[in-house]
Amino acid sequence: MISAADRESAYVIDGLMHNDVVKSDIHSTDSHGYSETIFALTHLLGFSFAPRIKKLHKQRIYLFRGHDRKIREGWRIRPSNYVNEALIRENWEDLLRLVATIKLKENTASDIFRRLNSYSRQHALYQTLKAFGQIIKSLFILRYIKDLDLRQAIEKQLNKVELANKFTRAVAVGNPREFTQAEKEEQEIAEACNRLIKNSIICWNYLYLTRQVNKCKDQQTRQTLLRTIAAHSPISWAHINMLGEYDFSEEKLQDALGILPVKLAA
């Protein structure tokens, strides 16, 4: 649970570092989840960061000084600023110590950014992160423009995120966009209940799809179905009556698909 006033980008690193279930090698966000400092940290921590940046044509491309002579007049995409190489060299050791602190989980990236942003002027370490991130961001933008597969992969991933957000609102019947609970503990309980219901629906979807695959006797039909499942998301709820009355007694836990409850299946 984070404040709505906080920028999401600082929490991207927290999610990547403290997820012990899914180990990400490439991560995508929208414009609110990225900043030049996040480009720097993800690169140094070993993650590929691939956000969808709003108004990409207005983003600045950075160049090392001394390479101006290589720029040709015919280039449609031209660098507009220089990398602050002296600042990066001067604070490189401090930057590596910061990365080690996060890598060893001694502190979270969000806490560190909160401290760096509390100064009246930007901290030298924050400026160094930003300067190094400008290099990584420039390389990413050029790759994003050139690589169609990368653009499609980012769009596909973020479409899944948007679908998950719609799923959350559908499950939170009645007041889907805000918590009615005042205390943080109660809000976390409500969020955990929402997540439990979503996981139950997704689990049922997987059980149903598994049964449909096992029913396929024809190998070609089976492969076609598997490709279709792989190309789509298991997040689907149109077949679920969110306003229904549910009876979880053992007498009623008889599924029309033949999926038995845990005790009877054992």
# chains A, B, ... in the order shown; residues from 1 in each chain; ligands from 1
call {"tool": "residues_around", "arguments": {"residues": "range 236-239 of chain A", "least_positions_apart": "3", "cutoff": "10 Å", "atoms": "only C-alpha atoms", "output": "PyMOL selection string"}}
result
chain A and resi 163-164+167+170-171+198+201-202+205+232-233+242
call {"tool": "residues_around", "arguments": {"residues": "Ala86 in chain A", "least_positions_apart": "4", "cutoff": "12 Å", "atoms": "only C-alpha atoms", "output": "PDB file with C-alpha atoms, in the first residue's frame"}}
result
ATOM      1  CA  PHE A  64      29.033  11.821 -25.216  1.00  0.00           C
ATOM      2  CA  ARG A  65      31.080  14.930 -25.919  1.00  0.00           C
ATOM      3  CA  TYR A  82      25.413  15.846 -23.684  1.00  0.00           C
ATOM      4  CA  GLU A  90      33.382  11.586  -9.775  1.00  0.00           C
ATOM      5  CA  ASN A  91      30.601   9.720  -7.922  1.00  0.00           C
ATOM      6  CA  TRP A  92      30.942   6.263  -9.463  1.00  0.00           C
ATOM      7  CA  GLN A 127      22.171  13.621 -10.058  1.00  0.00           C
ATOM      8  CA  THR A 128      24.732  10.897 -10.835  1.00  0.00           C
ATOM      9  CA  ALA A 131      23.077  11.257 -15.598  1.00  0.00           C
ATOM     10  CA  PHE A 132      23.900   7.555 -15.963  1.00  0.00           C
TER      11      PHE A 132
END
call {"tool": "select_by_dssp", "arguments": {"residues": "range 11-250 of chain A", "states": "strand (DSSP E)", "output": "list in words"}}
result
Ile26, His27, Ser48, Phe49, Tyr62, Leu63, Asn81 and Tyr82 of chain A
call {"tool": "select_by_dssp", "arguments": {"residues": "range 12-242 of chain A", "states": "alpha helix (DSSP H)", "output": "number ranges by chain"}}
result
A: 12-17, 36-45, 85-90, 92-103, 109-117, 124-146, 148-171, 184-215, 219-231
call {"tool": "residues_around", "arguments": {"residues": "Leu44 in chain A", "least_positions_apart": "5", "cutoff": "9 Å", "atoms": "only C-alpha atoms", "output": "list in words"}}
result
Phe39, Leu96 and Val99 of chain A
